[in-house]
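J.: Next comes the structure file target-v7.cif, holding mmCIF, N, CA and C atoms, pLDDT in the B column; chains and numbers go by the auth columns.
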```
data_start
loop_
_atom_site.group_PDB
_atom_site.id
_atom_site.type_symbol
_atom_site.label_atom_id
_atom_site.label_comp_id
_atom_site.label_asym_id
_atom_site.label_seq_id
_atom_site.Cartn_x
_atom_site.Cartn_y
_atom_site.Cartn_z
_atom_site.B_iso_or_equiv
_atom_site.auth_seq_id
_atom_site.auth_asym_id
ATOM 1 N N MET A 1 -2.521 0.576 -16.627 80.00 9 A
ATOM 2 C CA MET A 1 -1.148 0.979 -16.811 80.00 9 A
ATOM 3 C C MET A 1 -0.319 0.438 -15.654 80.00 9 A
ATOM 4 N N VAL A 2 0.847 0.012 -15.959 83.00 10 A
ATOM 5 C CA VAL A 2 1.782 -0.444 -14.935 83.00 10 A
ATOM 6 C C VAL A 2 2.962 0.525 -14.931 83.00 10 A
ATOM 7 N N ALA A 3 3.286 1.047 -13.754 85.00 11 A
ATOM 8 C CA ALA A 3 4.413 1.966 -13.624 85.00 11 A
ATOM 9 C C ALA A 3 5.279 1.488 -12.469 85.00 11 A
ATOM 10 N N ARG A 4 6.540 1.423 -12.699 89.00 12 A
ATOM 11 C CA ARG A 4 7.466 0.980 -11.655 89.00 12 A
ATOM 12 C C ARG A 4 7.963 2.208 -10.896 89.00 12 A
ATOM 13 N N VAL A 5 7.718 2.205 -9.588 86.00 13 A
ATOM 14 C CA VAL A 5 8.125 3.306 -8.721 86.00 13 A
ATOM 15 C C VAL A 5 8.759 2.702 -7.482 86.00 13 A
ATOM 16 N N GLU A 6 9.914 3.183 -7.098 92.00 14 A
ATOM 17 C CA GLU A 6 10.594 2.660 -5.917 92.00 14 A
ATOM 18 C C GLU A 6 10.293 3.537 -4.712 92.00 14 A
ATOM 19 N N LEU A 7 9.657 2.937 -3.702 91.00 15 A
ATOM 20 C CA LEU A 7 9.311 3.615 -2.460 91.00 15 A
ATOM 21 C C LEU A 7 9.576 2.677 -1.306 91.00 15 A
ATOM 22 N N SER A 8 9.724 3.227 -0.138 94.00 16 A
ATOM 23 C CA SER A 8 9.912 2.417 1.058 94.00 16 A
ATOM 24 C C SER A 8 8.609 1.687 1.374 94.00 16 A
ATOM 25 N N GLU A 9 8.671 0.367 1.497 91.00 17 A
ATOM 26 C CA GLU A 9 7.471 -0.409 1.806 91.00 17 A
ATOM 27 C C GLU A 9 6.883 0.013 3.152 91.00 17 A
ATOM 28 N N VAL A 10 7.736 0.303 4.107 95.00 18 A
ATOM 29 C CA VAL A 10 7.263 0.737 5.426 95.00 18 A
ATOM 30 C C VAL A 10 6.469 2.034 5.303 95.00 18 A
ATOM 31 N N ASP A 11 6.989 2.984 4.536 94.00 19 A
ATOM 32 C CA ASP A 11 6.289 4.257 4.353 94.00 19 A
ATOM 33 C C ASP A 11 4.944 4.056 3.657 94.00 19 A
ATOM 34 N N ILE A 12 4.925 3.194 2.647 94.00 20 A
ATOM 35 C CA ILE A 12 3.685 2.926 1.924 94.00 20 A
ATOM 36 C C ILE A 12 2.656 2.321 2.867 94.00 20 A
ATOM 37 N N VAL A 13 3.046 1.301 3.604 97.00 21 A
ATOM 38 C CA VAL A 13 2.126 0.610 4.505 97.00 21 A
ATOM 39 C C VAL A 13 1.606 1.567 5.575 97.00 21 A
ATOM 40 N N GLU A 14 2.482 2.341 6.175 96.00 22 A
ATOM 41 C CA GLU A 14 2.057 3.292 7.205 96.00 22 A
ATOM 42 C C GLU A 14 1.065 4.308 6.640 96.00 22 A
ATOM 43 N N THR A 15 1.337 4.804 5.447 95.00 23 A
ATOM 44 C CA THR A 15 0.446 5.779 4.816 95.00 23 A
ATOM 45 C C THR A 15 -0.908 5.160 4.508 95.00 23 A
ATOM 46 N N LEU A 16 -0.914 3.942 3.984 97.00 24 A
ATOM 47 C CA LEU A 16 -2.176 3.274 3.662 97.00 24 A
ATOM 48 C C LEU A 16 -3.007 3.018 4.920 97.00 24 A
ATOM 49 N N ILE A 17 -2.355 2.642 5.992 98.00 25 A
ATOM 50 C CA ILE A 17 -3.064 2.400 7.252 98.00 25 A
ATOM 51 C C ILE A 17 -3.634 3.712 7.786 98.00 25 A
ATOM 52 N N GLU A 18 -2.820 4.754 7.825 97.00 26 A
ATOM 53 C CA GLU A 18 -3.268 6.051 8.337 97.00 26 A
ATOM 54 C C GLU A 18 -4.408 6.624 7.505 97.00 26 A
ATOM 55 N N ALA A 19 -4.397 6.372 6.203 96.00 27 A
ATOM 56 C CA ALA A 19 -5.439 6.898 5.311 96.00 27 A
ATOM 57 C C ALA A 19 -6.697 6.029 5.309 96.00 27 A
ATOM 58 N N GLY A 20 -6.639 4.883 5.984 97.00 28 A
ATOM 59 C CA GLY A 20 -7.805 4.024 6.075 97.00 28 A
ATOM 60 C C GLY A 20 -7.990 3.058 4.914 97.00 28 A
ATOM 61 N N TYR A 21 -6.978 2.913 4.083 97.00 29 A
ATOM 62 C CA TYR A 21 -7.059 1.995 2.945 97.00 29 A
ATOM 63 C C TYR A 21 -6.606 0.584 3.284 97.00 29 A
ATOM 64 N N LEU A 22 -5.880 0.417 4.377 98.00 30 A
ATOM 65 C CA LEU A 22 -5.321 -0.874 4.748 98.00 30 A
ATOM 66 C C LEU A 22 -5.488 -1.081 6.248 98.00 30 A
ATOM 67 N N ALA A 23 -5.987 -2.242 6.618 98.00 31 A
ATOM 68 C CA ALA A 23 -6.096 -2.581 8.040 98.00 31 A
ATOM 69 C C ALA A 23 -4.707 -2.954 8.554 98.00 31 A
ATOM 70 N N ALA A 24 -4.403 -2.548 9.772 98.00 32 A
ATOM 71 C CA ALA A 24 -3.092 -2.828 10.357 98.00 32 A
ATOM 72 C C ALA A 24 -2.792 -4.325 10.368 98.00 32 A
ATOM 73 N N ARG A 25 -3.822 -5.152 10.532 98.00 33 A
ATOM 74 C CA ARG A 25 -3.605 -6.604 10.554 98.00 33 A
ATOM 75 C C ARG A 25 -3.118 -7.139 9.199 98.00 33 A
ATOM 76 N N ASN A 26 -3.268 -6.345 8.138 98.00 34 A
ATOM 77 C CA ASN A 26 -2.846 -6.760 6.799 98.00 34 A
ATOM 78 C C ASN A 26 -1.522 -6.120 6.379 98.00 34 A
ATOM 79 N N ALA A 27 -0.797 -5.574 7.335 97.00 35 A
ATOM 80 C CA ALA A 27 0.428 -4.834 7.030 97.00 35 A
ATOM 81 C C ALA A 27 1.513 -5.677 6.375 97.00 35 A
ATOM 82 N N GLU A 28 1.428 -6.992 6.495 97.00 36 A
ATOM 83 C CA GLU A 28 2.438 -7.862 5.873 97.00 36 A
ATOM 84 C C GLU A 28 1.866 -8.695 4.726 97.00 36 A
ATOM 85 N N ASP A 29 0.624 -8.429 4.359 97.00 37 A
ATOM 86 C CA ASP A 29 -0.057 -9.166 3.287 97.00 37 A
ATOM 87 C C ASP A 29 0.138 -8.407 1.974 97.00 37 A
ATOM 88 N N ARG A 30 1.060 -8.880 1.141 96.00 38 A
ATOM 89 C CA ARG A 30 1.413 -8.162 -0.087 96.00 38 A
ATOM 90 C C ARG A 30 0.207 -7.947 -0.998 96.00 38 A
ATOM 91 N N ALA A 31 -0.683 -8.919 -1.105 98.00 39 A
ATOM 92 C CA ALA A 31 -1.867 -8.769 -1.957 98.00 39 A
ATOM 93 C C ALA A 31 -2.773 -7.666 -1.415 98.00 39 A
ATOM 94 N N ALA A 32 -2.930 -7.609 -0.103 98.00 40 A
ATOM 95 C CA ALA A 32 -3.759 -6.568 0.512 98.00 40 A
ATOM 96 C C ALA A 32 -3.118 -5.188 0.331 98.00 40 A
ATOM 97 N N ILE A 33 -1.810 -5.122 0.434 96.00 41 A
ATOM 98 C CA ILE A 33 -1.100 -3.858 0.234 96.00 41 A
ATOM 99 C C ILE A 33 -1.278 -3.385 -1.202 96.00 41 A
ATOM 100 N N GLU A 34 -1.112 -4.283 -2.162 94.00 42 A
ATOM 101 C CA GLU A 34 -1.274 -3.926 -3.570 94.00 42 A
ATOM 102 C C GLU A 34 -2.689 -3.458 -3.855 94.00 42 A
ATOM 103 N N ALA A 35 -3.687 -4.144 -3.303 97.00 43 A
ATOM 104 C CA ALA A 35 -5.077 -3.760 -3.518 97.00 43 A
ATOM 105 C C ALA A 35 -5.359 -2.381 -2.914 97.00 43 A
ATOM 106 N N ALA A 36 -4.848 -2.152 -1.713 97.00 44 A
ATOM 107 C CA ALA A 36 -5.059 -0.856 -1.061 97.00 44 A
ATOM 108 C C ALA A 36 -4.369 0.267 -1.829 97.00 44 A
ATOM 109 N N LEU A 37 -3.183 0.018 -2.315 93.00 45 A
ATOM 110 C CA LEU A 37 -2.460 1.025 -3.081 93.00 45 A
ATOM 111 C C LEU A 37 -3.183 1.329 -4.388 93.00 45 A
ATOM 112 N N SER A 38 -3.688 0.301 -5.043 93.00 46 A
ATOM 113 C CA SER A 38 -4.455 0.500 -6.278 93.00 46 A
ATOM 114 C C SER A 38 -5.707 1.323 -6.000 93.00 46 A
ATOM 115 N N GLU A 39 -6.378 1.028 -4.897 96.00 47 A
ATOM 116 C CA GLU A 39 -7.575 1.776 -4.522 96.00 47 A
ATOM 117 C C GLU A 39 -7.240 3.251 -4.273 96.00 47 A
ATOM 118 N N LEU A 40 -6.151 3.500 -3.557 94.00 48 A
ATOM 119 C CA LEU A 40 -5.717 4.864 -3.276 94.00 48 A
ATOM 120 C C LEU A 40 -5.408 5.612 -4.575 94.00 48 A
ATOM 121 N N LEU A 41 -4.698 4.983 -5.472 90.00 49 A
ATOM 122 C CA LEU A 41 -4.310 5.650 -6.717 90.00 49 A
ATOM 123 C C LEU A 41 -5.491 5.881 -7.652 90.00 49 A
ATOM 124 N N ALA A 42 -6.518 5.054 -7.532 93.00 50 A
ATOM 125 C CA ALA A 42 -7.708 5.207 -8.379 93.00 50 A
ATOM 126 C C ALA A 42 -8.632 6.306 -7.859 93.00 50 A
ATOM 127 N N ALA A 43 -8.436 6.708 -6.605 86.00 51 A
ATOM 128 C CA ALA A 43 -9.325 7.705 -5.995 86.00 51 A
ATOM 129 C C ALA A 43 -9.101 9.088 -6.555 86.00 51 A
#
```
What is this structure when it is put down as structure tokens?
T.:
Amino acid sequence: MVARVELSEVDIVETLIEAGYLAARNAEDRAAIEAALSELLAA
């Protein structure tokens, strides 16, 4: 399913890093952010 949701990218990235889904070095890598967000939502 694809759902469009508008959120602050900074907030998303910070949350993913704090939760351990995204490495800080990947904070500007859109593909890594999308993968981490998908992983978080699937959990």
J.: Give me the residues near Asn34 of chain A as a PyMOL selection string, where near means some atom within 10 Å (using only C-alpha atoms) and where sequence neighbours in that chain fewer than 6 positions away do not count.
T.: chain A and resi 21+25+40-41
J.: Counting all atoms listed in the file, what is within 8 Å of Ala44 of chain A, bar same-chain residues fewer than 2 positions away, as a PDB file with N, CA and C atoms, keeping the file's coordinate frame?
T.:
```
ATOM      1  N   LEU A  24      -0.914   3.942   3.984  1.00 97.00           N
ATOM      2  CA  LEU A  24      -2.176   3.274   3.662  1.00 97.00           C
ATOM      3  C   LEU A  24      -3.007   3.018   4.920  1.00 97.00           C
ATOM      4  N   GLY A  28      -6.639   4.883   5.984  1.00 97.00           N
ATOM      5  CA  GLY A  28      -7.805   4.024   6.075  1.00 97.00           C
ATOM      6  C   GLY A  28      -7.990   3.058   4.914  1.00 97.00           C
ATOM      7  N   TYR A  29      -6.978   2.913   4.083  1.00 97.00           N
ATOM      8  CA  TYR A  29      -7.059   1.995   2.945  1.00 97.00           C
ATOM      9  C   TYR A  29      -6.606   0.584   3.284  1.00 97.00           C
ATOM     10  N   LEU A  30      -5.880   0.417   4.377  1.00 98.00           N
ATOM     11  CA  LEU A  30      -5.321  -0.874   4.748  1.00 98.00           C
ATOM     12  C   LEU A  30      -5.488  -1.081   6.248  1.00 98.00           C
ATOM     13  N   ALA A  31      -5.987  -2.242   6.618  1.00 98.00           N
ATOM     14  CA  ALA A  31      -6.096  -2.581   8.040  1.00 98.00           C
ATOM     15  C   ALA A  31      -4.707  -2.954   8.554  1.00 98.00           C
ATOM     16  N   ARG A  38       1.060  -8.880   1.141  1.00 96.00           N
ATOM     17  CA  ARG A  38       1.413  -8.162  -0.087  1.00 96.00           C
ATOM     18  C   ARG A  38       0.207  -7.947  -0.998  1.00 96.00           C
ATOM     19  N   ALA A  39      -0.683  -8.919  -1.105  1.00 98.00           N
ATOM     20  CA  ALA A  39      -1.867  -8.769  -1.957  1.00 98.00           C
ATOM     21  C   ALA A  39      -2.773  -7.666  -1.415  1.00 98.00           C
ATOM     22  N   ALA A  40      -2.930  -7.609  -0.103  1.00 98.00           N
ATOM     23  CA  ALA A  40      -3.759  -6.568   0.512  1.00 98.00           C
ATOM     24  C   ALA A  40      -3.118  -5.188   0.331  1.00 98.00           C
ATOM     25  N   ILE A  41      -1.810  -5.122   0.434  1.00 96.00           N
ATOM     26  CA  ILE A  41      -1.100  -3.858   0.234  1.00 96.00           C
ATOM     27  C   ILE A  41      -1.278  -3.385  -1.202  1.00 96.00           C
ATOM     28  N   GLU A  42      -1.112  -4.283  -2.162  1.00 94.00           N
ATOM     29  CA  GLU A  42      -1.274  -3.926  -3.570  1.00 94.00           C
ATOM     30  C   GLU A  42      -2.689  -3.458  -3.855  1.00 94.00           C
ATOM     31  N   SER A  46      -3.688   0.301  -5.043  1.00 93.00           N
ATOM     32  CA  SER A  46      -4.455   0.500  -6.278  1.00 93.00           C
ATOM     33  C   SER A  46      -5.707   1.323  -6.000  1.00 93.00           C
ATOM     34  N   GLU A  47      -6.378   1.028  -4.897  1.00 96.00           N
ATOM     35  CA  GLU A  47      -7.575   1.776  -4.522  1.00 96.00           C
ATOM     36  C   GLU A  47      -7.240   3.251  -4.273  1.00 96.00           C
ATOM     37  N   LEU A  48      -6.151   3.500  -3.557  1.00 94.00           N
ATOM     38  CA  LEU A  48      -5.717   4.864  -3.276  1.00 94.00           C
ATOM     39  C   LEU A  48      -5.408   5.612  -4.575  1.00 94.00           C
ATOM     40  N   LEU A  49      -4.698   4.983  -5.472  1.00 90.00           N
ATOM     41  CA  LEU A  49      -4.310   5.650  -6.717  1.00 90.00           C
ATOM     42  C   LEU A  49      -5.491   5.881  -7.652  1.00 90.00           C
ATOM     43  N   ALA A  50      -6.518   5.054  -7.532  1.00 93.00           N
ATOM     44  CA  ALA A  50      -7.708   5.207  -8.379  1.00 93.00           C
ATOM     45  C   ALA A  50      -8.632   6.306  -7.859  1.00 93.00           C
TER      46      ALA A  50
END
```
J.: Tell me, which residues of chain A carry DSSP helix (DSSP H, G or I), written as number ranges by chain?
T.: A: 17-26, 32-34, 38-50
J.: For atom CA of Ala32 of chain A and atom CA of Met9 of chain A, determine how far apart the two atoms are, in Å to one decimal place.
T.: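 Result for atom CA of Ala32 of chain A versus atom CA of Met9 of chain A: 27.5 Å, one decimal.
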J.: Using Å and a single decimal, report how far atom CA of Glu36 of chain A sits from atom CA of Thr23 of chain A.
T.: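 Computing it gives 13.8 Å between the two atoms.
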J.: For a test of reading the model, state the distance in Å between atom CA of Ala51 of chain A and atom N of Arg12 of chain A, rounded to one decimal.
T.: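 Distance between the two atoms: 18.3 Å.
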J.: Please return segment 9-30 of chain A, rebuilt to N, CA, C and O atoms, as a PDB file, in the frame of the given file.
T.:
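Resulting contents of result06.pdb:
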```pdb
ATOM      1  N   MET A   9      -2.521   0.576 -16.627  1.00 80.00           N
ATOM      2  CA  MET A   9      -1.148   0.979 -16.811  1.00 80.00           C
ATOM      3  C   MET A   9      -0.319   0.438 -15.654  1.00 80.00           C
ATOM      4  O   MET A   9      -0.758   0.434 -14.509  1.00 80.00           O
ATOM      5  N   VAL A  10       0.847   0.012 -15.959  1.00 83.00           N
ATOM      6  CA  VAL A  10       1.782  -0.444 -14.935  1.00 83.00           C
ATOM      7  C   VAL A  10       2.962   0.525 -14.931  1.00 83.00           C
ATOM      8  O   VAL A  10       3.533   0.808 -15.973  1.00 83.00           O
ATOM      9  N   ALA A  11       3.286   1.047 -13.754  1.00 85.00           N
ATOM     10  CA  ALA A  11       4.413   1.966 -13.624  1.00 85.00           C
ATOM     11  C   ALA A  11       5.279   1.488 -12.469  1.00 85.00           C
ATOM     12  O   ALA A  11       4.780   1.178 -11.394  1.00 85.00           O
ATOM     13  N   ARG A  12       6.540   1.423 -12.699  1.00 89.00           N
ATOM     14  CA  ARG A  12       7.466   0.980 -11.655  1.00 89.00           C
ATOM     15  C   ARG A  12       7.963   2.208 -10.896  1.00 89.00           C
ATOM     16  O   ARG A  12       8.539   3.121 -11.477  1.00 89.00           O
ATOM     17  N   VAL A  13       7.718   2.205  -9.588  1.00 86.00           N
ATOM     18  CA  VAL A  13       8.125   3.306  -8.721  1.00 86.00           C
ATOM     19  C   VAL A  13       8.759   2.702  -7.482  1.00 86.00           C
ATOM     20  O   VAL A  13       8.210   1.784  -6.885  1.00 86.00           O
ATOM     21  N   GLU A  14       9.914   3.183  -7.098  1.00 92.00           N
ATOM     22  CA  GLU A  14      10.594   2.660  -5.917  1.00 92.00           C
ATOM     23  C   GLU A  14      10.293   3.537  -4.712  1.00 92.00           C
ATOM     24  O   GLU A  14      10.600   4.729  -4.718  1.00 92.00           O
ATOM     25  N   LEU A  15       9.657   2.937  -3.702  1.00 91.00           N
ATOM     26  CA  LEU A  15       9.311   3.615  -2.460  1.00 91.00           C
ATOM     27  C   LEU A  15       9.576   2.677  -1.306  1.00 91.00           C
ATOM     28  O   LEU A  15       9.585   1.459  -1.478  1.00 91.00           O
ATOM     29  N   SER A  16       9.724   3.227  -0.138  1.00 94.00           N
ATOM     30  CA  SER A  16       9.912   2.417   1.058  1.00 94.00           C
ATOM     31  C   SER A  16       8.609   1.687   1.374  1.00 94.00           C
ATOM     32  O   SER A  16       7.545   2.306   1.502  1.00 94.00           O
ATOM     33  N   GLU A  17       8.671   0.367   1.497  1.00 91.00           N
ATOM     34  CA  GLU A  17       7.471  -0.409   1.806  1.00 91.00           C
ATOM     35  C   GLU A  17       6.883   0.013   3.152  1.00 91.00           C
ATOM     36  O   GLU A  17       5.666   0.105   3.303  1.00 91.00           O
ATOM     37  N   VAL A  18       7.736   0.303   4.107  1.00 95.00           N
ATOM     38  CA  VAL A  18       7.263   0.737   5.426  1.00 95.00           C
ATOM     39  C   VAL A  18       6.469   2.034   5.303  1.00 95.00           C
ATOM     40  O   VAL A  18       5.387   2.167   5.877  1.00 95.00           O
ATOM     41  N   ASP A  19       6.989   2.984   4.536  1.00 94.00           N
ATOM     42  CA  ASP A  19       6.289   4.257   4.353  1.00 94.00           C
ATOM     43  C   ASP A  19       4.944   4.056   3.657  1.00 94.00           C
ATOM     44  O   ASP A  19       3.945   4.673   4.025  1.00 94.00           O
ATOM     45  N   ILE A  20       4.925   3.194   2.647  1.00 94.00           N
ATOM     46  CA  ILE A  20       3.685   2.926   1.924  1.00 94.00           C
ATOM     47  C   ILE A  20       2.656   2.321   2.867  1.00 94.00           C
ATOM     48  O   ILE A  20       1.508   2.775   2.924  1.00 94.00           O
ATOM     49  N   VAL A  21       3.046   1.301   3.604  1.00 97.00           N
ATOM     50  CA  VAL A  21       2.126   0.610   4.505  1.00 97.00           C
ATOM     51  C   VAL A  21       1.606   1.567   5.575  1.00 97.00           C
ATOM     52  O   VAL A  21       0.398   1.616   5.831  1.00 97.00           O
ATOM     53  N   GLU A  22       2.482   2.341   6.175  1.00 96.00           N
ATOM     54  CA  GLU A  22       2.057   3.292   7.205  1.00 96.00           C
ATOM     55  C   GLU A  22       1.065   4.308   6.640  1.00 96.00           C
ATOM     56  O   GLU A  22       0.064   4.638   7.281  1.00 96.00           O
ATOM     57  N   THR A  23       1.337   4.804   5.447  1.00 95.00           N
ATOM     58  CA  THR A  23       0.446   5.779   4.816  1.00 95.00           C
ATOM     59  C   THR A  23      -0.908   5.160   4.508  1.00 95.00           C
ATOM     60  O   THR A  23      -1.950   5.779   4.759  1.00 95.00           O
ATOM     61  N   LEU A  24      -0.914   3.942   3.984  1.00 97.00           N
ATOM     62  CA  LEU A  24      -2.176   3.274   3.662  1.00 97.00           C
ATOM     63  C   LEU A  24      -3.007   3.018   4.920  1.00 97.00           C
ATOM     64  O   LEU A  24      -4.228   3.180   4.903  1.00 97.00           O
ATOM     65  N   ILE A  25      -2.355   2.642   5.992  1.00 98.00           N
ATOM     66  CA  ILE A  25      -3.064   2.400   7.252  1.00 98.00           C
ATOM     67  C   ILE A  25      -3.634   3.712   7.786  1.00 98.00           C
ATOM     68  O   ILE A  25      -4.821   3.786   8.140  1.00 98.00           O
ATOM     69  N   GLU A  26      -2.820   4.754   7.825  1.00 97.00           N
ATOM     70  CA  GLU A  26      -3.268   6.051   8.337  1.00 97.00           C
ATOM     71  C   GLU A  26      -4.408   6.624   7.505  1.00 97.00           C
ATOM     72  O   GLU A  26      -5.301   7.284   8.048  1.00 97.00           O
ATOM     73  N   ALA A  27      -4.397   6.372   6.203  1.00 96.00           N
ATOM     74  CA  ALA A  27      -5.439   6.898   5.311  1.00 96.00           C
ATOM     75  C   ALA A  27      -6.697   6.029   5.309  1.00 96.00           C
ATOM     76  O   ALA A  27      -7.696   6.386   4.690  1.00 96.00           O
ATOM     77  N   GLY A  28      -6.639   4.883   5.984  1.00 97.00           N
ATOM     78  CA  GLY A  28      -7.805   4.024   6.075  1.00 97.00           C
ATOM     79  C   GLY A  28      -7.990   3.058   4.914  1.00 97.00           C
ATOM     80  O   GLY A  28      -9.039   2.434   4.777  1.00 97.00           O
ATOM     81  N   TYR A  29      -6.978   2.913   4.083  1.00 97.00           N
ATOM     82  CA  TYR A  29      -7.059   1.995   2.945  1.00 97.00           C
ATOM     83  C   TYR A  29      -6.606   0.584   3.284  1.00 97.00           C
ATOM     84  O   TYR A  29      -6.883  -0.344   2.545  1.00 97.00           O
ATOM     85  N   LEU A  30      -5.880   0.417   4.377  1.00 98.00           N
ATOM     86  CA  LEU A  30      -5.321  -0.874   4.748  1.00 98.00           C
ATOM     87  C   LEU A  30      -5.488  -1.081   6.248  1.00 98.00           C
ATOM     88  O   LEU A  30      -5.160  -0.190   7.035  1.00 98.00           O
TER      89      LEU A  30
END
```
